[in-house]
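Engineer: Sharing run34.txt, compact mmCIF, C-alpha atoms:
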# COMPACT_ATOMS: atom_id res chain seq x y z
CA MET A 1 180.97 -21.35 33.00
CA ARG A 2 179.25 -22.69 29.89
CA ALA A 3 175.92 -21.23 31.03
CA VAL A 4 177.53 -17.82 31.55
CA ARG A 5 179.10 -17.96 28.09
CA ARG A 6 175.72 -18.85 26.51
CA ALA A 7 174.03 -15.98 28.32
CA ILE A 8 176.64 -13.56 27.04
CA GLU A 9 176.38 -14.88 23.48
CA PHE A 10 172.59 -14.54 23.63
CA LEU A 11 172.82 -10.97 24.86
CA PHE A 12 175.34 -10.00 22.19
CA THR A 13 173.75 -11.78 19.26
CA LYS A 14 170.02 -11.87 19.74
CA ALA A 15 168.93 -9.71 22.62
CA LEU A 16 170.06 -6.19 23.11
CA ARG A 17 172.85 -4.86 20.95
CA SER A 18 172.81 -1.62 22.81
CA ARG A 19 174.95 -0.23 25.56
CA LEU A 20 172.48 -1.62 28.10
CA GLY A 21 172.88 -5.14 26.72
CA ILE A 22 176.66 -4.87 26.78
CA ALA A 23 176.59 -3.57 30.37
CA LEU A 24 174.38 -6.46 31.43
CA ALA A 25 176.65 -8.93 29.72
CA ILE A 26 179.74 -7.52 31.39
CA GLY A 27 177.95 -7.57 34.78
CA VAL A 28 177.00 -11.21 34.35
CA LEU A 29 180.56 -12.03 33.31
CA VAL A 30 182.09 -10.24 36.31
CA VAL A 31 179.70 -11.91 38.77
CA GLY A 32 180.43 -15.32 37.24
CA VAL A 33 184.19 -14.83 37.36
CA LEU A 34 184.10 -13.54 40.95
CA GLY A 35 181.90 -16.45 42.05
CA ALA A 36 184.25 -18.95 40.43
CA ALA A 37 187.26 -17.24 42.06
CA ARG A 38 185.63 -17.44 45.49
CA LEU A 39 184.94 -21.15 45.09
CA VAL A 40 188.46 -21.89 43.88
CA SER A 41 190.06 -19.90 46.70
CA GLY A 42 187.92 -21.62 49.36
CA LEU A 43 185.83 -18.60 50.14
CA GLY A 44 182.62 -20.34 49.17
CA ASP A 45 181.97 -20.83 52.89
CA PRO A 46 179.24 -18.36 53.94
CA GLN A 47 181.17 -17.73 57.17
CA ALA A 48 184.46 -17.03 55.36
CA GLY A 49 185.79 -13.55 55.72
CA LEU A 50 183.78 -12.90 58.85
CA SER A 51 185.79 -11.96 61.87
CA GLN A 52 185.54 -14.73 64.44
CA PRO A 53 186.73 -14.37 68.03
CA SER A 54 189.71 -16.47 69.05
CA GLU A 55 188.30 -17.01 72.57
CA PRO A 56 184.79 -17.42 74.03
CA ILE A 57 182.85 -14.21 74.46
CA THR A 58 182.06 -13.39 78.09
CA THR A 59 178.86 -11.45 78.54
CA VAL A 60 179.12 -11.08 82.31
CA ASP A 61 181.93 -10.20 84.66
CA PRO A 62 183.41 -13.63 85.49
CA THR A 63 184.38 -12.53 89.00
CA THR A 64 180.91 -11.41 90.12
CA GLY A 65 177.48 -12.94 89.97
CA ASP A 66 178.74 -16.37 89.03
CA ASP A 67 177.55 -19.71 90.43
CA GLY A 68 180.32 -19.91 93.02
CA VAL A 69 182.69 -21.83 90.77
CA VAL A 70 184.73 -19.12 89.06
CA GLY A 71 185.11 -15.97 91.09
CA SER A 72 184.00 -16.76 94.56
CA THR A 73 186.77 -17.30 97.07
CA THR A 74 184.44 -18.77 99.67
CA PRO A 75 182.03 -21.42 98.49
CA PRO A 76 178.41 -20.87 99.50
CA SER A 77 177.10 -22.89 102.41
CA PRO A 78 174.39 -25.38 101.48
CA VAL A 79 171.02 -24.53 103.00
CA THR A 80 169.14 -27.41 104.63
CA ARG A 81 165.61 -27.25 106.00
CA PRO A 82 165.56 -27.58 109.83
CA GLY A 83 165.34 -31.25 110.81
CA ALA A 84 166.24 -32.48 107.30
CA PRO A 85 169.48 -34.40 106.64
CA PRO A 86 172.37 -32.42 105.14
CA PRO A 87 173.59 -33.19 101.59
CA GLU A 88 176.52 -35.32 102.81
CA GLN A 89 174.14 -37.64 104.62
CA ILE A 90 171.79 -37.97 101.62
CA ALA A 91 174.80 -38.69 99.37
CA ASP A 92 176.03 -41.36 101.78
CA ARG A 93 172.60 -43.03 101.99
CA PHE A 94 172.13 -42.91 98.21
CA THR A 95 175.61 -44.40 97.65
CA THR A 96 174.92 -47.23 100.09
CA ALA A 97 171.65 -48.02 98.29
CA TRP A 98 173.29 -47.72 94.85
CA LEU A 99 176.12 -50.09 95.78
CA GLY A 100 173.66 -52.61 97.28
CA GLY A 101 172.08 -53.28 93.89
CA GLY A 102 173.78 -56.64 93.40
CA ARG A 103 172.45 -57.99 96.71
CA VAL A 104 168.76 -57.14 96.25
CA GLY A 105 166.19 -57.41 93.49
CA ALA A 106 165.62 -54.64 90.96
CA GLU A 107 162.33 -53.51 92.48
CA GLU A 108 163.81 -53.22 95.97
CA TRP A 109 166.89 -51.44 94.61
CA HIS A 110 164.79 -48.86 92.75
CA ALA A 111 162.66 -48.28 95.86
CA SER A 112 165.77 -47.73 98.00
CA LEU A 113 167.10 -45.12 95.53
CA ARG A 114 163.73 -43.41 95.04
CA GLN A 115 163.63 -42.02 98.58
CA PHE A 116 166.88 -40.09 97.97
CA SER A 117 166.26 -39.09 94.32
CA THR A 118 164.42 -36.35 92.48
CA PRO A 119 161.44 -37.52 90.40
CA GLU A 120 163.50 -36.84 87.25
CA LEU A 121 166.35 -39.09 88.38
CA THR A 122 163.90 -41.77 89.52
CA GLU A 123 162.44 -41.77 86.01
CA GLU A 124 165.91 -41.97 84.40
CA LEU A 125 166.87 -44.92 86.61
CA ALA A 126 163.58 -46.79 86.00
CA GLY A 127 165.11 -49.18 83.47
CA ALA A 128 168.52 -49.50 85.11
CA ASP A 129 169.71 -52.97 86.12
CA PRO A 130 171.16 -53.09 89.64
CA THR A 131 173.56 -55.86 88.65
CA GLY A 132 175.20 -53.35 86.30
CA VAL A 133 176.54 -51.20 89.15
CA PRO A 134 180.29 -51.16 88.45
CA ALA A 135 181.54 -50.99 92.05
CA GLU A 136 181.09 -52.80 95.35
CA ARG A 137 182.30 -50.46 98.09
CA THR A 138 183.56 -46.99 98.93
CA THR A 139 187.28 -46.54 99.49
CA GLY A 140 187.45 -43.12 101.11
CA GLU A 141 185.60 -40.12 102.43
CA PRO A 142 183.20 -38.22 100.17
CA SER A 143 184.20 -34.77 99.02
CA LEU A 144 181.47 -32.10 99.09
CA ARG A 145 181.69 -29.25 96.56
CA PRO A 146 179.05 -26.59 97.18
CA ARG A 147 178.12 -24.73 94.00
CA THR A 148 175.22 -22.66 95.32
CA GLU A 149 173.09 -22.74 98.46
CA HIS A 150 170.77 -25.24 96.74
CA PHE A 151 173.15 -27.22 94.53
CA VAL A 152 176.15 -29.33 95.56
CA GLU A 153 178.36 -31.93 93.96
CA VAL A 154 179.62 -34.90 95.97
CA LEU A 155 182.54 -37.06 94.84
CA ILE A 156 182.77 -40.54 96.39
CA PRO A 157 185.85 -42.74 95.79
CA LEU A 158 184.91 -46.34 95.02
CA ASP A 159 186.87 -49.56 94.61
CA SER A 160 186.70 -49.32 90.80
CA GLY A 161 186.27 -45.61 90.14
CA ARG A 162 184.56 -42.52 91.42
CA LEU A 163 180.88 -41.74 91.87
CA ARG A 164 179.81 -38.15 91.26
CA LEU A 165 176.43 -37.09 92.59
CA GLU A 166 174.67 -33.79 92.00
CA LEU A 167 172.25 -32.88 94.76
CA VAL A 168 169.62 -30.16 94.70
CA ALA A 169 167.49 -28.67 97.45
CA PRO A 170 165.17 -25.99 96.09
CA ASP A 171 163.10 -26.19 99.28
CA GLY A 172 165.91 -27.17 101.67
CA GLN A 173 165.27 -30.94 101.31
CA TRP A 174 168.34 -32.48 99.60
CA LEU A 175 167.84 -35.06 96.82
CA VAL A 176 170.18 -36.62 94.28
CA ASP A 177 169.45 -35.22 90.82
CA ALA A 178 172.26 -36.74 88.73
CA VAL A 179 174.58 -39.76 88.98
CA ASP A 180 177.81 -40.13 87.09
CA TRP A 181 180.41 -42.85 87.49
CA GLU A 182 183.91 -42.82 86.04
CA ARG A 183 186.50 -45.56 86.06
CA THR A 184 189.85 -44.57 87.55
Give the structure from this file in structure tokens form.
Structural biologist:
Amino acid sequence: MRAVRRAIEFLFTKALRSRLGIALAIGVLVVGVLGAARLVSGLGDPQAGLSQPSEPITTVDPTTGDDGVVGSTTPPSPVTRPGAPPPEQIADRFTTAWLGGGRVGAEEWHASLRQFSTPELTEELAGADPTGVPAERTTGEPSLRPRTEHFVEVLIPLDSGRLRLELVAPDGQWLVDAVDWERT
């Protein structure tokens, strides 16, 4: 405020003593007062005053063209290349190898997982310690959740939680692409 007052005093006393000078001084004063009022009232936020939606904006019809999760009443059937194992079998083999980590060395454990994993997952698991696997055995049947013809999710109940695997098959050969474990 002190800077605004000095600018006004300068305009009135030394600069222009004309109508133009007075108009400029009043403009500076109004802008300064309005700016101070905005800051005091909390409107200093650049987003303040903008209308913001109360819910997410949907840019597509949620009942058509989705990934099979929202609008589809029948989940898509996973597509497997002839002669290749289906996703349930790959998930079972991966889970068996994953749970066997405490009984074999790290190198052998990584090799057993590699044959059922995408290159990206193999790279992510490269530094994993097999003794850190938080479960020892499965406690029920896996649950397959097809999302698209080439992407499925498999949930496997374990003695200390649940293993969630994401499998992909862009060419019909199923591989585990993501591993997530949650304690129950």
Engineer: So, with all atoms listed in the file as the atoms that count, which of A:Phe116, A:Trp109, A:Ile26, A:Leu99 lies closest to A:Leu163?
Structural biologist: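 Distance minimum relative to A:Leu163 lands on A:Leu99.
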Engineer: Show me the residues around (189.6, -43.0, 89.6) - criterion: an atom at most 8 Å away, all atoms listed in the file counted - as a PyMOL selection string.
Structural biologist: chain A and resi 157-158+160-162+182-184
Engineer: Given the choices A:Glu88, A:Glu124, A:Glu149, A:Asp129, which gets closest to A:Ala106 if the distance is worked out from all atoms listed in the file?
Structural biologist: A:Asp129
Engineer: Separation of atom CA of A:Arg93 and atom CA of A:Ser117, in Å?
Structural biologist: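 Pair atom CA of A:Arg93 / atom CA of A:Ser117 returns 10.7 Å.
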Engineer: For each of A:Pro82, A:Pro87, A:Gly172, A:Gly132, take the minimum atom-to-atom distance to A:Arg145, counting all atoms listed in the file, then give the residue where this is smallest.
Structural biologist: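 Among the listed residues, the smallest separation from A:Arg145 belongs to A:Pro87.
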Engineer: Provide the atom CA of A:Val79 to atom CA of A:Glu166 distance in Å, to one decimal place.
Structural biologist: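 It comes out at 14.8 Å.
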Engineer: Can you list, as an MDAnalysis selection string, every protein, DNA or RNA residue that comes within 8 Å of stretch 102-104 of chain A when you count only C-alpha atoms, leaving out same-chain residues fewer than 6 positions away?
Structural biologist: chainID A and resid 130:133
Engineer: So that I can look at just that part, could you write stretch 73-124 of chain A with C-alpha atoms, as a PDB file, in the first residue's frame?
Structural biologist:
ATOM      1  CA  THR A  73     -22.678 -57.143 -19.362  1.00  0.00           C
ATOM      2  CA  THR A  74     -20.666 -60.043 -20.741  1.00  0.00           C
ATOM      3  CA  PRO A  75     -16.939 -59.964 -20.166  1.00  0.00           C
ATOM      4  CA  PRO A  76     -14.822 -60.557 -23.262  1.00  0.00           C
ATOM      5  CA  SER A  77     -13.319 -63.994 -23.696  1.00  0.00           C
ATOM      6  CA  PRO A  78      -9.524 -64.071 -23.505  1.00  0.00           C
ATOM      7  CA  VAL A  79      -7.908 -65.023 -26.805  1.00  0.00           C
ATOM      8  CA  THR A  80      -5.132 -67.618 -26.625  1.00  0.00           C
ATOM      9  CA  ARG A  81      -2.926 -68.703 -29.504  1.00  0.00           C
ATOM     10  CA  PRO A  82      -3.629 -72.336 -30.539  1.00  0.00           C
ATOM     11  CA  GLY A  83      -1.450 -74.701 -28.517  1.00  0.00           C
ATOM     12  CA  ALA A  84      -0.497 -72.014 -25.964  1.00  0.00           C
ATOM     13  CA  PRO A  85      -1.579 -72.279 -22.302  1.00  0.00           C
ATOM     14  CA  PRO A  86      -4.588 -70.193 -21.246  1.00  0.00           C
ATOM     15  CA  PRO A  87      -4.142 -67.295 -18.784  1.00  0.00           C
ATOM     16  CA  GLU A  88      -5.331 -69.357 -15.796  1.00  0.00           C
ATOM     17  CA  GLN A  89      -2.564 -71.880 -16.377  1.00  0.00           C
ATOM     18  CA  ILE A  90       0.133 -69.197 -16.753  1.00  0.00           C
ATOM     19  CA  ALA A  91      -1.114 -67.512 -13.557  1.00  0.00           C
ATOM     20  CA  ASP A  92      -0.981 -70.829 -11.697  1.00  0.00           C
ATOM     21  CA  ARG A  93       2.556 -71.599 -12.907  1.00  0.00           C
ATOM     22  CA  PHE A  94       3.764 -68.076 -12.093  1.00  0.00           C
ATOM     23  CA  THR A  95       2.222 -68.261  -8.605  1.00  0.00           C
ATOM     24  CA  THR A  96       3.876 -71.619  -7.919  1.00  0.00           C
ATOM     25  CA  ALA A  97       7.257 -70.193  -8.984  1.00  0.00           C
ATOM     26  CA  TRP A  98       6.695 -66.976  -6.994  1.00  0.00           C
ATOM     27  CA  LEU A  99       5.807 -68.859  -3.810  1.00  0.00           C
ATOM     28  CA  GLY A 100       8.822 -71.180  -4.219  1.00  0.00           C
ATOM     29  CA  GLY A 101      11.262 -68.301  -3.733  1.00  0.00           C
ATOM     30  CA  GLY A 102      12.183 -69.254  -0.173  1.00  0.00           C
ATOM     31  CA  ARG A 103      13.187 -72.786  -1.196  1.00  0.00           C
ATOM     32  CA  VAL A 104      15.542 -71.914  -4.070  1.00  0.00           C
ATOM     33  CA  GLY A 105      18.307 -69.424  -4.710  1.00  0.00           C
ATOM     34  CA  ALA A 106      17.659 -65.977  -6.154  1.00  0.00           C
ATOM     35  CA  GLU A 107      19.049 -66.817  -9.588  1.00  0.00           C
ATOM     36  CA  GLU A 108      16.897 -69.942  -9.920  1.00  0.00           C
ATOM     37  CA  TRP A 109      13.828 -68.064  -8.643  1.00  0.00           C
ATOM     38  CA  HIS A 110      14.274 -65.261 -11.191  1.00  0.00           C
ATOM     39  CA  ALA A 111      14.744 -67.811 -13.985  1.00  0.00           C
ATOM     40  CA  SER A 112      11.547 -69.641 -12.982  1.00  0.00           C
ATOM     41  CA  LEU A 113       9.555 -66.365 -13.076  1.00  0.00           C
ATOM     42  CA  ARG A 114      11.140 -65.131 -16.315  1.00  0.00           C
ATOM     43  CA  GLN A 115       9.489 -67.802 -18.455  1.00  0.00           C
ATOM     44  CA  PHE A 116       6.019 -66.569 -17.410  1.00  0.00           C
ATOM     45  CA  SER A 117       6.765 -62.802 -17.331  1.00  0.00           C
ATOM     46  CA  THR A 118       6.914 -59.961 -19.820  1.00  0.00           C
ATOM     47  CA  PRO A 119      10.380 -58.449 -20.339  1.00  0.00           C
ATOM     48  CA  GLU A 120       9.200 -55.352 -18.427  1.00  0.00           C
ATOM     49  CA  LEU A 121       8.171 -57.374 -15.371  1.00  0.00           C
ATOM     50  CA  THR A 122      11.372 -59.424 -15.548  1.00  0.00           C
ATOM     51  CA  GLU A 123      13.331 -56.170 -15.395  1.00  0.00           C
ATOM     52  CA  GLU A 124      11.254 -54.884 -12.447  1.00  0.00           C
TER      53      GLU A 124
END
